[in-house]
>>> print(open('my_file23.cif').read())   # mmCIF, C-alpha atoms
data_my_file
#
loop_
_atom_site.label_atom_id
_atom_site.label_comp_id
_atom_site.auth_asym_id
_atom_site.auth_seq_id
_atom_site.Cartn_x
_atom_site.Cartn_y
_atom_site.Cartn_z
CA MET A 1 113.33 110.71 -17.11
CA ARG A 2 110.47 113.03 -18.00
CA ARG A 3 106.96 111.68 -17.20
CA ALA A 4 104.34 111.85 -19.96
CA SER A 5 101.79 114.62 -19.56
CA GLY A 6 98.03 113.81 -19.21
CA ALA A 7 97.36 114.93 -22.79
CA SER A 8 100.04 112.72 -24.31
CA ARG A 9 98.80 109.74 -22.25
CA ARG A 10 95.32 110.32 -23.63
CA ARG A 11 96.75 110.46 -27.17
CA GLY A 12 98.57 107.18 -26.49
CA TRP A 13 95.40 105.45 -25.34
CA ALA A 14 93.49 106.76 -28.32
CA ALA A 15 96.13 105.41 -30.71
CA LEU A 16 96.03 102.01 -29.01
CA ALA A 17 92.23 101.92 -29.22
CA ALA A 18 92.35 102.80 -32.93
CA LEU A 19 94.93 100.07 -33.58
CA ALA A 20 92.81 97.54 -31.68
CA ALA A 21 89.75 98.54 -33.71
CA LEU A 22 91.73 98.09 -36.91
CA LEU A 23 93.13 94.71 -35.91
CA ALA A 24 89.97 93.30 -34.34
CA PRO A 25 88.36 91.95 -37.55
CA ALA A 26 91.65 90.40 -38.66
CA MET A 27 92.19 88.83 -35.25
CA ALA A 28 88.63 87.53 -35.18
CA ALA A 29 89.07 86.07 -38.66
CA ALA A 30 92.33 84.43 -37.62
CA ALA A 31 90.62 82.97 -34.57
CA GLU A 32 87.77 81.66 -36.75
CA ALA A 33 89.99 80.29 -39.53
CA PRO A 34 90.11 76.51 -39.40
CA THR A 35 93.27 74.44 -39.68
CA ARG A 36 93.86 72.70 -43.00
CA ALA A 37 92.79 69.37 -41.49
CA GLU A 38 89.53 70.88 -40.19
CA TYR A 39 88.90 72.51 -43.55
CA VAL A 40 89.49 69.25 -45.44
CA SER A 41 87.19 67.39 -43.09
CA GLN A 42 84.43 69.99 -43.52
CA LEU A 43 84.73 69.99 -47.30
CA GLU A 44 84.85 66.21 -47.56
CA GLY A 45 81.58 66.16 -45.60
CA ILE A 46 80.04 68.39 -48.27
CA CYS A 47 81.59 66.60 -51.25
CA LYS A 48 80.86 63.00 -50.25
CA PRO A 49 77.08 62.95 -50.77
CA ASP A 50 77.43 65.08 -53.90
CA ALA A 51 80.14 62.88 -55.39
CA GLU A 52 77.90 59.88 -54.81
CA ALA A 53 74.93 61.71 -56.31
CA THR A 54 77.03 62.64 -59.35
CA GLN A 55 78.01 59.02 -59.80
CA ARG A 56 74.34 58.00 -59.69
CA ALA A 57 73.30 60.80 -62.04
CA MET A 58 76.00 59.95 -64.60
CA LYS A 59 75.43 56.21 -64.53
CA GLY A 60 75.25 54.90 -68.07
CA ALA A 61 76.19 58.25 -69.68
CA ARG A 62 79.13 56.70 -71.47
CA SER A 63 77.05 53.91 -72.94
CA ASP A 64 74.39 56.47 -73.91
CA ILE A 65 77.04 58.34 -75.88
CA SER A 66 78.33 55.10 -77.40
CA ALA A 67 74.79 54.32 -78.51
CA GLU A 68 74.42 57.90 -79.80
CA ARG A 69 71.63 58.71 -77.33
CA LEU A 70 73.03 62.20 -76.99
CA SER A 71 69.93 63.90 -75.57
CA LEU A 72 69.69 61.24 -72.84
CA ALA A 73 73.38 61.76 -72.05
CA ALA A 74 72.78 65.54 -72.05
CA GLY A 75 70.18 65.12 -69.31
CA LYS A 76 72.71 63.26 -67.18
CA PHE A 77 75.41 65.87 -67.78
CA SER A 78 72.93 68.60 -66.89
CA LYS A 79 72.14 66.92 -63.59
CA ALA A 80 75.86 66.47 -62.88
CA ALA A 81 76.49 70.15 -63.69
CA SER A 82 73.78 71.25 -61.30
CA ILE A 83 75.10 69.01 -58.50
CA PHE A 84 78.62 70.26 -59.17
CA GLY A 85 77.54 73.92 -59.09
CA SER A 86 75.68 73.58 -55.80
CA THR A 87 78.59 71.66 -54.26
CA VAL A 88 81.09 74.36 -55.25
CA ARG A 89 78.82 77.06 -53.79
CA ALA A 90 78.52 75.14 -50.51
CA MET A 91 82.30 74.64 -50.44
CA GLY A 92 82.83 78.35 -51.03
CA ALA A 93 80.85 79.20 -47.92
CA VAL A 94 83.31 77.39 -45.64
CA SER A 95 85.97 79.50 -43.88
CA GLU A 96 89.41 78.79 -45.27
CA PRO A 97 92.72 78.28 -43.51
CA SER A 98 94.36 81.68 -43.72
CA ALA A 99 97.65 80.26 -45.04
CA ASP A 100 95.91 78.55 -47.95
CA THR A 101 93.74 81.30 -49.39
CA ALA A 102 95.84 81.88 -52.52
CA LYS A 103 95.99 78.17 -53.29
CA LEU A 104 92.27 77.74 -52.66
CA SER A 105 91.42 80.73 -54.81
CA LYS A 106 93.26 79.07 -57.71
CA TRP A 107 91.51 75.79 -56.99
CA PHE A 108 88.09 77.43 -56.98
CA SER A 109 88.83 79.07 -60.31
CA TYR A 110 89.52 75.60 -61.74
CA LEU A 111 86.29 74.33 -60.17
CA ASP A 112 84.38 77.17 -61.81
CA MET A 113 85.87 76.07 -65.12
CA GLN A 114 84.82 72.47 -64.41
CA GLU A 115 81.26 73.55 -63.86
CA SER A 116 81.34 75.62 -67.03
CA TYR A 117 82.67 72.69 -69.06
CA LEU A 118 79.85 70.48 -67.76
CA VAL A 119 77.27 73.12 -68.67
CA GLN A 120 78.80 73.65 -72.12
CA THR A 121 79.04 69.89 -72.76
CA THR A 122 75.36 69.55 -71.86
CA ALA A 123 74.45 72.26 -74.35
CA GLN A 124 76.54 70.73 -77.13
CA LEU A 125 75.10 67.26 -76.53
CA ARG A 126 71.57 68.71 -76.59
CA ALA A 127 72.38 70.39 -79.89
CA GLY A 128 73.76 67.13 -81.24
CA HIS A 129 77.27 68.58 -81.68
CA ALA A 130 79.22 65.44 -80.87
CA ILE A 131 82.69 66.73 -81.78
CA ARG A 132 82.28 69.91 -79.73
CA ALA A 133 81.12 67.86 -76.76
CA GLN A 134 84.13 65.59 -77.22
CA ARG A 135 86.55 68.58 -77.20
CA LEU A 136 84.93 69.94 -74.05
CA THR A 137 85.28 66.54 -72.38
CA ALA A 138 89.02 66.61 -73.10
CA ARG A 139 89.26 70.04 -71.49
CA PHE A 140 87.12 68.91 -68.56
CA ILE A 141 89.47 65.98 -67.83
CA HIS A 142 92.62 68.09 -68.24
CA ASN A 143 91.25 70.91 -66.08
CA GLY A 144 90.17 68.42 -63.42
CA ASN A 145 93.71 67.08 -63.19
CA LEU A 146 95.11 70.60 -62.93
CA ALA A 147 92.64 71.34 -60.13
CA ASN A 148 93.74 68.21 -58.27
CA ASN A 149 97.40 69.23 -58.51
CA VAL A 150 96.71 72.59 -56.85
CA VAL A 151 95.32 70.97 -53.70
CA LEU A 152 97.40 67.80 -53.79
CA ALA A 153 98.74 68.43 -50.28
CA PHE A 154 95.20 68.61 -48.88
CA GLY A 155 94.69 64.91 -49.57
CA PHE A 156 91.09 65.32 -50.74
CA ASN A 157 89.19 62.22 -51.75
CA TYR A 158 85.58 63.13 -52.53
CA CYS A 159 86.45 66.75 -53.35
CA SER A 160 89.07 65.77 -55.91
CA PHE A 161 88.30 65.24 -59.58
CA LYS A 162 87.91 61.58 -60.52
CA PHE A 163 87.08 60.67 -64.09
CA SER A 164 85.51 57.42 -62.90
CA ARG A 165 82.63 59.36 -61.30
CA TYR A 166 81.44 60.55 -64.68
CA GLY A 167 79.82 57.48 -66.15
CA MET B 1 83.87 83.21 -46.36
CA ARG B 2 84.42 83.14 -50.11
CA GLU B 3 82.08 84.90 -52.49
CA ARG B 4 80.93 82.56 -55.20
CA PRO B 5 80.19 84.57 -58.27
CA GLY B 6 78.61 82.71 -61.14
CA SER B 7 80.82 80.84 -63.49
CA ARG B 8 83.43 83.11 -64.92
CA VAL B 9 84.56 80.71 -67.59
CA GLY B 10 81.71 81.43 -69.91
CA THR B 11 83.27 84.82 -70.47
CA ALA B 12 86.86 83.61 -70.42
CA PRO B 13 88.85 84.98 -73.28
CA ARG B 14 89.12 82.71 -76.27
CA ALA B 15 92.89 82.99 -75.96
CA LEU B 16 92.76 81.14 -72.65
CA LEU B 17 90.80 78.30 -74.20
CA ALA B 18 93.23 78.21 -77.10
CA VAL B 19 96.13 77.91 -74.66
CA LEU B 20 94.30 75.14 -72.81
CA LEU B 21 93.71 73.31 -76.04
CA LEU B 22 97.36 73.70 -77.03
CA ALA B 23 98.36 72.41 -73.62
CA LEU B 24 96.15 69.39 -74.18
CA VAL B 25 97.51 68.70 -77.62
CA GLY B 26 101.07 69.10 -76.43
CA GLY B 27 100.49 67.02 -73.35
CA VAL B 28 101.58 69.89 -71.11
CA GLY B 29 100.52 69.35 -67.54
CA LEU B 30 100.51 65.62 -67.90
CA ALA B 31 104.27 65.27 -67.63
CA ARG B 32 103.97 63.81 -64.14
CA GLY B 33 100.63 62.23 -64.85
CA GLU B 34 97.93 62.21 -62.23
CA GLN B 35 98.85 62.39 -58.58
CA ALA B 36 97.19 61.72 -55.24
CA GLN B 37 98.44 62.35 -51.74
CA ARG B 38 97.78 60.67 -48.41
CA GLY B 39 99.62 62.32 -45.54
CA ASP B 40 103.12 63.02 -46.82
CA LEU B 41 103.07 60.24 -49.39
CA ILE B 42 102.39 61.10 -53.03
CA VAL B 43 101.55 58.55 -55.71
CA SER B 44 101.77 59.41 -59.40
CA LEU B 45 100.83 57.59 -62.57
CA ASP B 46 101.14 58.46 -66.23
CA GLY B 47 100.79 56.43 -69.38
CA HIS B 48 99.28 55.99 -72.79
CA LEU B 49 98.51 53.57 -75.54
CA SER B 50 100.73 53.62 -78.59
CA PRO B 51 99.56 54.18 -81.28
CA LEU B 52 96.79 56.53 -80.25
CA LYS B 53 94.75 55.98 -83.44
CA LEU B 54 92.91 52.68 -83.27
CA PRO B 55 90.11 50.94 -85.18
CA ARG B 56 86.59 51.39 -83.81
CA GLU B 57 85.39 47.87 -84.49
CA HIS B 58 88.26 45.51 -83.79
CA ALA B 59 91.40 45.40 -81.67
CA ALA B 60 94.78 46.31 -83.16
CA PRO B 61 98.28 45.73 -81.77
CA VAL B 62 99.32 48.36 -79.22
CA ALA B 63 101.96 49.06 -76.63
CA VAL B 64 100.88 50.04 -73.13
CA GLU B 65 103.28 52.55 -71.62
CA LEU B 66 103.06 53.19 -67.89
CA GLU B 67 105.15 55.27 -65.55
CA GLY B 68 104.57 55.98 -61.90
CA GLY B 69 105.80 55.82 -58.39
CA LEU B 70 105.86 57.07 -54.86
CA ARG B 71 107.56 60.05 -53.27
CA THR B 72 107.23 61.95 -50.04
CA SER B 73 106.33 65.64 -49.92
CA ASP B 74 108.97 66.33 -47.27
CA GLY B 75 111.75 64.14 -48.66
CA ALA B 76 111.35 61.60 -45.84
CA VAL B 77 112.23 57.94 -46.35
CA LEU B 78 109.62 56.10 -48.41
CA PRO B 79 107.55 53.45 -46.68
CA ARG B 80 107.97 49.85 -47.78
CA VAL B 81 105.50 48.53 -50.33
CA SER B 82 104.15 45.04 -49.79
CA ARG B 83 101.77 44.75 -52.74
CA VAL B 84 101.44 46.43 -56.14
CA GLU B 85 98.35 46.36 -58.35
CA LEU B 86 98.33 47.80 -61.88
CA GLY B 87 94.92 48.02 -63.56
CA LEU B 88 95.03 48.00 -67.37
CA PRO B 89 92.42 49.52 -69.72
CA ALA B 90 89.23 47.54 -70.22
CA GLN B 91 89.37 47.77 -74.01
CA ALA B 92 92.86 46.27 -74.09
CA THR B 93 93.18 42.51 -74.37
CA ILE B 94 96.18 40.39 -73.48
CA PHE B 95 96.81 37.53 -75.87
CA THR B 96 99.34 34.88 -74.85
CA ARG B 97 98.32 31.82 -76.88
CA GLY B 98 101.37 30.47 -78.66
CA LEU B 99 103.70 32.75 -76.74
CA PRO B 100 106.51 30.90 -74.93
CA VAL B 101 106.61 31.18 -71.15
CA CYS B 102 109.49 31.72 -68.78
CA SER B 103 109.83 30.53 -65.20
CA LEU B 104 111.04 32.13 -61.99
CA ARG B 105 113.70 29.44 -61.67
CA ARG B 106 115.26 30.29 -65.05
CA LEU B 107 115.47 33.98 -64.17
CA ASP B 108 116.70 33.77 -60.59
CA ASN B 109 120.09 35.45 -60.09
CA THR B 110 120.65 36.10 -63.78
CA THR B 111 122.12 39.12 -65.52
CA THR B 112 120.08 40.87 -68.21
CA ALA B 113 122.04 39.07 -70.91
CA LYS B 114 121.54 35.67 -69.27
CA ALA B 115 117.84 36.35 -68.66
CA LEU B 116 117.45 37.20 -72.34
CA ASP B 117 119.44 34.12 -73.35
CA ALA B 118 117.13 31.97 -71.27
CA CYS B 119 113.79 33.60 -72.05
CA ARG B 120 114.05 35.99 -75.02
CA GLU B 121 111.11 34.27 -76.73
CA ALA B 122 108.89 35.09 -73.73
CA LEU B 123 109.91 38.77 -73.54
CA VAL B 124 106.83 41.04 -73.52
CA GLY B 125 108.13 44.31 -72.12
CA ARG B 126 110.95 46.49 -70.90
CA GLY B 127 111.40 49.35 -68.51
CA ARG B 128 113.20 50.80 -65.54
CA LEU B 129 112.64 50.59 -61.82
CA GLN B 130 114.07 52.68 -59.01
CA ALA B 131 114.15 51.89 -55.33
CA ASP B 132 115.63 53.56 -52.28
CA VAL B 133 117.82 51.21 -50.28
CA VAL B 134 117.51 51.93 -46.57
CA LEU B 135 120.26 50.21 -44.58
CA PRO B 136 120.53 50.56 -40.81
CA ASN B 137 122.90 53.33 -39.69
CA GLN B 138 123.46 54.53 -43.26
CA GLN B 139 122.07 57.25 -45.46
CA PRO B 140 119.49 55.78 -47.88
CA PHE B 141 120.68 55.55 -51.48
CA ARG B 142 118.82 55.03 -54.73
CA ILE B 143 119.33 52.14 -57.09
CA SER B 144 118.19 52.21 -60.68
CA THR B 145 117.48 48.92 -62.39
CA ARG B 146 116.69 47.76 -65.90
CA LEU B 147 113.42 45.86 -66.15
CA LEU B 148 112.54 43.00 -68.42
CA ALA B 149 109.00 41.60 -68.47
CA PHE B 150 108.45 37.97 -69.42
CA ASN B 151 105.30 36.02 -70.18
CA ALA B 152 104.84 33.25 -67.60
CA ARG B 153 102.45 30.81 -66.00
CA ILE B 154 102.23 30.52 -62.25
CA ASP B 155 100.11 27.79 -60.63
CA GLY B 156 98.56 27.15 -64.05
CA HIS B 157 97.51 30.79 -64.47
CA ARG B 158 98.72 33.45 -66.87
CA ALA B 159 101.34 35.69 -65.26
CA LEU B 160 104.08 38.19 -65.91
CA ILE B 161 107.54 38.06 -64.39
CA LEU B 162 109.52 41.25 -63.91
CA HIS B 163 113.28 40.82 -63.87
CA ALA B 164 115.10 43.83 -62.41
CA ILE B 165 118.85 44.17 -62.42
CA ALA B 166 121.13 46.94 -61.16
CA ASN B 167 124.85 47.34 -61.76
CA HIS B 168 125.64 49.53 -58.74
CA PRO B 169 125.39 47.78 -56.38
CA PRO B 170 124.97 44.48 -58.26
CA THR B 171 121.38 43.45 -57.53
CA ALA B 172 118.99 41.10 -59.30
CA VAL B 173 115.34 40.75 -58.33
CA VAL B 174 112.56 38.67 -59.84
CA VAL B 175 108.94 39.63 -59.09
CA PRO B 176 105.97 37.59 -60.32
CA PHE B 177 102.73 39.43 -61.21
CA ARG B 178 99.49 37.48 -61.51
CA PHE B 179 96.61 38.59 -63.70
CA ARG B 180 93.38 39.42 -61.91
CA HIS B 181 90.33 39.69 -64.14
CA GLY B 182 87.27 41.87 -63.59
CA ALA B 183 89.20 44.62 -61.82
CA GLY B 184 86.36 47.16 -61.74
CA ARG B 185 86.52 49.57 -64.66
CA PHE B 186 89.79 47.99 -65.68
CA GLY B 187 89.63 44.82 -67.67
CA VAL B 188 92.57 43.17 -66.04
CA ALA B 189 94.99 43.96 -63.23
CA LEU B 190 98.55 42.85 -62.67
CA VAL B 191 99.05 42.03 -59.00
CA ALA B 192 102.32 41.34 -57.19
CA ASN B 193 102.83 40.54 -53.55
CA LEU B 194 106.38 41.65 -53.13
CA PRO B 195 108.23 38.64 -51.88
CA ARG B 196 109.80 38.48 -48.46
CA ALA B 197 112.97 37.52 -50.30
CA LEU B 198 113.38 41.16 -51.27
CA GLY B 199 114.25 41.82 -47.64
CA PRO B 200 113.55 44.95 -45.63
CA TYR B 201 115.97 47.25 -47.45
CA PRO B 202 114.58 48.21 -50.88
CA HIS B 203 111.76 50.76 -50.78
CA PHE B 204 110.06 51.02 -54.17
CA SER B 205 110.08 54.54 -55.61
CA HIS B 206 109.51 54.69 -59.40
CA PHE B 207 108.82 52.51 -62.42
CA GLU B 208 108.54 52.80 -66.19
CA LEU B 209 107.15 49.87 -68.11
CA THR B 210 106.25 49.33 -71.74
CA LEU B 211 104.32 46.18 -72.55
CA SER B 212 104.51 45.26 -76.22
CA ARG B 213 105.29 42.12 -78.17
CA HIS B 214 104.49 41.01 -81.69
CA PHE B 215 104.61 37.33 -82.52
CA SER B 216 102.90 34.88 -84.78
CA TYR B 217 100.51 32.10 -83.85
CA ARG B 218 99.29 29.53 -86.36
CA GLY B 219 100.69 31.66 -89.14
CA ARG B 220 98.80 34.79 -88.07
CA PRO B 221 100.45 37.93 -86.66
CA ARG B 222 99.53 38.46 -83.00
CA SER B 223 100.21 41.08 -80.37
CA TYR B 224 100.64 40.59 -76.63
CA VAL B 225 98.43 43.66 -76.10
CA SER B 226 95.68 44.77 -78.49
CA ALA B 227 93.09 47.51 -78.14
CA SER B 228 90.32 49.25 -80.01
CA CYS B 229 88.76 52.69 -79.77
CA PRO B 230 85.07 51.72 -79.56
CA ILE B 231 83.34 55.05 -80.19
CA PRO B 232 80.38 55.94 -82.42
CA LYS B 233 80.93 57.22 -85.96
CA ARG B 234 79.96 60.79 -85.00
CA PHE B 235 82.95 61.06 -82.65
CA THR B 236 86.62 61.11 -83.55
CA ALA B 237 88.00 60.49 -80.06
CA GLY B 238 86.95 58.78 -76.86
CA PHE B 239 88.04 58.86 -73.24
CA PHE B 240 88.36 55.94 -70.89
CA SER B 241 89.82 54.85 -67.57
CA PHE B 242 93.28 53.91 -68.77
CA ALA B 243 95.14 52.55 -65.78
CA ARG B 244 95.30 52.45 -62.03
CA ALA B 245 98.27 51.97 -59.73
CA GLY B 246 97.56 50.83 -56.20
CA PHE B 247 100.16 50.26 -53.52
CA THR B 248 99.67 48.48 -50.21
CA LEU B 249 102.24 49.56 -47.67
CA ALA B 250 103.97 47.35 -45.15
CA ASP B 251 102.00 49.02 -42.33
CA GLY B 252 98.72 48.08 -44.06
CA GLY B 253 98.02 51.54 -45.48
CA GLN B 254 97.00 51.94 -49.10
CA ILE B 255 97.51 54.60 -51.72
CA GLY B 256 96.60 54.67 -55.37
CA THR B 257 95.60 56.76 -58.32
CA ALA B 258 93.86 56.19 -61.63
CA ILE B 259 94.33 57.92 -64.96
CA ALA B 260 91.97 58.63 -67.85
CA ARG B 261 93.28 58.84 -71.39
CA GLY B 262 91.87 59.20 -74.85
CA CYS B 263 92.06 57.28 -78.07
CA ARG B 264 91.43 58.44 -81.63
CA ALA B 265 89.40 56.41 -84.05
CA ARG B 266 90.80 55.62 -87.46
#
>>> encode(input="my_file23.cif", output="structure tokens")
Amino acid sequence: MRRASGASRRRGWAALAALAALLAPAMAAAAEAPTRAEYVSQLEGICKPDAEATQRAMKGARSDISAERLSLAAGKFSKAASIFGSTVRAMGAVSEPSADTAKLSKWFSYLDMQESYLVQTTAQLRAGHAIRAQRLTARFIHNGNLANNVVLAFGFNYCSFKFSRYG
Amino acid sequence: MRERPGSRVGTAPRALLAVLLLALVGGVGLARGEQAQRGDLIVSLDGHLSPLKLPREHAAPVAVELEGGLRTSDGAVLPRVSRVELGLPAQATIFTRGLPVCSLRRLDNTTTAKALDACREALVGRGRLQADVVLPNQQPFRISTRLLAFNARIDGHRALILHAIANHPPTAVVVPFRFRHGAGRFGVALVANLPRALGPYPHFSHFELTLSRHFSYRGRPRSYVSASCPIPKRFTAGFFSFARAGFTLADGGQIGTAIARGCRAR
């Protein structure tokens, strides 16, 4: 068998070093990526206080709407939208399990829609457009259920959509 | 780390919203109802009031249709359920005055025909129930039963008796549900502690139940279930917590899910 020359050995080492440099960020990310259970636990820690705050903020919103106090209800929806937005941003900052990124990307797009529906509902209530607010509420509920289905296997509690939290 | 751009929905194409709206109108996406998962166990619940259009000011006769159950994400054997609780919508009222009652004794070990012969006047609902039968040293198999729901009184309190009967293998089961009032956001809940008499073999998997009965009391038409759609004049539809299904498992664990539905004002 012919032994490799010094030059070819150097080329071999250089190739290995380049490969290592290429793979290093991916390997580091894989090492950092949490398991699904760790991810769920981290997110639930973020969602719990915010879910409770949402429940407090939305208290009485349904009776406000029943009594046609739309601007009062709008204030509650606005607060809920702001809590929801900050929660989603905090959730987005958490490293994701590498096997779940596609699923979580879909989930986050539903969460963005949820936030948007809350913002739009607030605006329509402020403007006194009851029917438009009602249509947005229907979409909000439907979208929330779709979001839950995407991450069903994660077994979220506080991070899942629950209609009962909204008044 | 995920980048969180601002909301993208504000600029979502109108077509997407139109599709969403169509999906809502058509009920797409609600076929399995709402689901929740704990470990490998998944609970689902779906249902609605029929008709959907109801008066704002007073209750009108309705049927409550519920469907739900348990399944495992990996196809493993279902755990045994020891207690079932079904929360019904707060704006629905159950009226039983003048409605005949049936007893457990009259329904025990009866066929559907004999149960109806004995208690037809107390019939308030129908449905289907499925359970997996897990026998030692055998592959589990599924039984599908017809359900009849009868108005009853147990220990002096209003109750509902479910009579389930399967042809293959011949099986008849009678399960009493008691009414529990003030069940949180739900006006009333039906609660059953599954009797020891059921034995260790049946593992509940799925149910469909429609509660509806029209009858007359003191010359006036009455309905077993009535509901209104109490929303202000400016709105045409309202949304409410419609139902909740909660299951306590034989090992003490619990799983449940709640559903929100809408009504239209007429």
>>> resolve_selection(input="my_file23.cif", expression="the PyMOL selection byres ((chain A) within 6 of (chain B))", output="list in words")
Ser66, Gly92, Ala93, Val94, Ser95, Asp112, Met113, Ile131, Leu152 and Gly155 of chain A
>>> residues_around(input="my_file23.cif", residues="Ile255 in chain B", least_positions_apart="5", cutoff="7 Å", atoms="all atoms listed in the file", output="ChimeraX atom specification")
/B:38,43,246-248
>>> residues_near_point(input="my_file23.cif", point="(97.0, 40.5, -72.7)", cutoff="10 Å", atoms="all atoms listed in the file", output="PyMOL selection string")
chain B and resi 88+92-97+124+151+158-159+179+187-188+211-212+223-227
>>> residues_near_point(input="my_file23.cif", point="(92.2, 78.7, -40.1)", cutoff="7 Å", atoms="all atoms listed in the file", output="list in words")
Ala30, Glu32, Ala33, Pro34, Thr35, Arg36, Glu96, Pro97 and Ser98 of chain A
>>> closest_residue(input="my_file23.cif", among="A:Ala153, A:Leu111, A:Val40, A:Val119", to="Ala133 in chain A", atoms="all atoms listed in the file")
A:Val119
>>> residues_around(input="my_file23.cif", residues="His157 in chain B", least_positions_apart="4", cutoff="10 Å", atoms="only C-alpha atoms", output="NGL selection string")
:B and (152-153 or 178-180)
>>> write_last_selection(input="my_file23.cif", atoms="C-alpha atoms", output="PDB file, keeping the file's coordinate frame")
ATOM      1  CA  ALA B 152     104.840  33.250 -67.600  1.00  0.00           C
ATOM      2  CA  ARG B 153     102.450  30.810 -66.000  1.00  0.00           C
ATOM      3  CA  ARG B 178      99.490  37.480 -61.510  1.00  0.00           C
ATOM      4  CA  PHE B 179      96.610  38.590 -63.700  1.00  0.00           C
ATOM      5  CA  ARG B 180      93.380  39.420 -61.910  1.00  0.00           C
TER       6      ARG B 180
END
>>> resolve_selection(input="my_file23.cif", expression="the PyMOL selection byres ((chain B and resi 70) around 8)", output="VMD selection string")
chain B and resid 41 to 44 68 to 69 71 to 72 78 204 to 206
>>> resolve_selection(input="my_file23.cif", expression="the PyMOL selection byres ((chain A and resi 157-167) around 10)", output="count of residues only")
58
>>> atom_distance(input="my_file23.cif", atom1="CA of Lys53 in chain B", atom2="CA of Phe186 in chain B")
20.1 Å
>>> atom_distance(input="my_file23.cif", atom1="CA of Glu121 in chain B", atom2="CA of Arg106 in chain B")
13.0 Å
>>> residues_around(input="my_file23.cif", residues="Ala192 in chain B", least_positions_apart="2", cutoff="6 Å", atoms="only C-alpha atoms", output="number ranges by chain")
B: 83-84, 177, 194
>>> atom_distance(input="my_file23.cif", atom1="CA of Leu209 in chain B", atom2="CA of Leu116 in chain B")
16.9 Å
>>> closest_residue(input="my_file23.cif", among="B:Val191, B:Ile165, B:Ala250, B:Leu49", to="Arg264 in chain B", atoms="all atoms listed in the file")
B:Leu49
>>> closest_residue(input="my_file23.cif", among="B:Pro89, B:Thr210, B:Phe141, B:Pro79", to="Ala243 in chain B", atoms="all atoms listed in the file")
B:Pro89
>>> axis_aligned_box(input="my_file23.cif", around="range 56-70 of chain A", padding_each_side="3 Å", output="AutoDock Vina command-line options")
--center_x 75.4 --center_y 58.1 --center_z -69.7 --size_x 13.5 --size_y 14.3 --size_z 26.1
